[in-house]
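Inspection log for the structure reproduced underneath, given as structure tokens.
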Amino acid sequence: FYVSRIRDRLFAISQRCPHLGCRVPFCEGSGRFECPCHGSVFDLAGEWIAGPAPRGMDGYALTEGADGVTVDLDQPRLGPPLGAREFLTPARGSSCAERA
Ligand code: FES
């Protein structure tokens with residue numbers, strides 16, 4: 001799983017694409033998660049941006065305390081619905097698909 005931080009909020013995000021389960025790498029160029037299988041793109045919070053995925057990236061319950069961050073893999077969370085753009089930020093630059 002990935003842990004990302006946006007606007008002081010942490011997210012634990014599954015690396016499996018919610019479309020057909022490919023591993024979704026992070027693209028440094030765009031600052032987004034880009035699935036190499038069918039081109040779904042997600043922001044740092046796992047919110048869907050483009051492609052055939054039926055929702056944003058799934059994740060896990062995460063708690064932050066004095067002892068650090070705990071990710072509970074026994075509490076999976078479905079990704080945000082299509083259209084959720086609460087944490088969307090502009091892309092840093094070109095996508096990894098464009099440079100391939
Ligand atoms: Fe990721 Fe199809 S498996 S877009």
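A note on labels: chains of the structure tokens are A, B, ... as shown, every chain counts residues from 1, and ligands are counted from 1 in their shown order.
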
Exercise: A:Asp58 partners within 12 Å, only C-alpha atoms, chain neighbours under 6 positions left out, as a count of residues only:
26

Write down as number ranges by chain the residues belonging to chain A that are assigned alpha helix (DSSP H) by DSSP computed on the backbone.
A: 96-99

In stretch 20-79 of chain A, what's strand (DSSP E or B) per DSSP? Answer as a list in words?
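Output for stretch 20-79 of chain A, strand (DSSP E or B) only: Arg23, Phe26, Cys27, Arg32, Phe33, Glu34, Val41, Phe42, Trp48, Ile49, Ala50, Arg55, Gly59, Tyr60, Ala61, Leu62, Thr63, Glu64, Gly65, Gly68, Val69, Thr70, Val71, Asp72, Leu73, Asp74, Gln75, Pro76 and Arg77 of chain A.
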
Tell me, as number ranges by chain, which residues lie within 9 Å of A:Cys37, counting only C-alpha atoms; anything in the same chain fewer than 4 positions away does not count.
A: 20, 22-24

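Among the candidates A:Ala91, A:Thr63, A:Ser4, A:Val71, the one nearest to A:Val41 when counting only C-alpha atoms is A:Ala91.
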
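Excluding A:Leu44 itself and any same-chain residue fewer than 5 positions from it, the protein and nucleic acid residues within 8 Å of it, counting only C-alpha atoms, are Ser4, Arg5, Ile6, Gly31, Arg32, Phe33, Phe87 and Leu88 of chain A.
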
A:Ala97 surroundings by only C-alpha atoms, 8 Å radius, close-in-sequence under 5 positions cut, as a ChimeraX atom specification:
/A:34,36,39

Computed interatomic separation between atom CA of A:Thr70 and atom CA of A:Phe26 (Å):
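Computing the Euclidean distance for atom CA of A:Thr70 and atom CA of A:Phe26 yields 21.4 Å.
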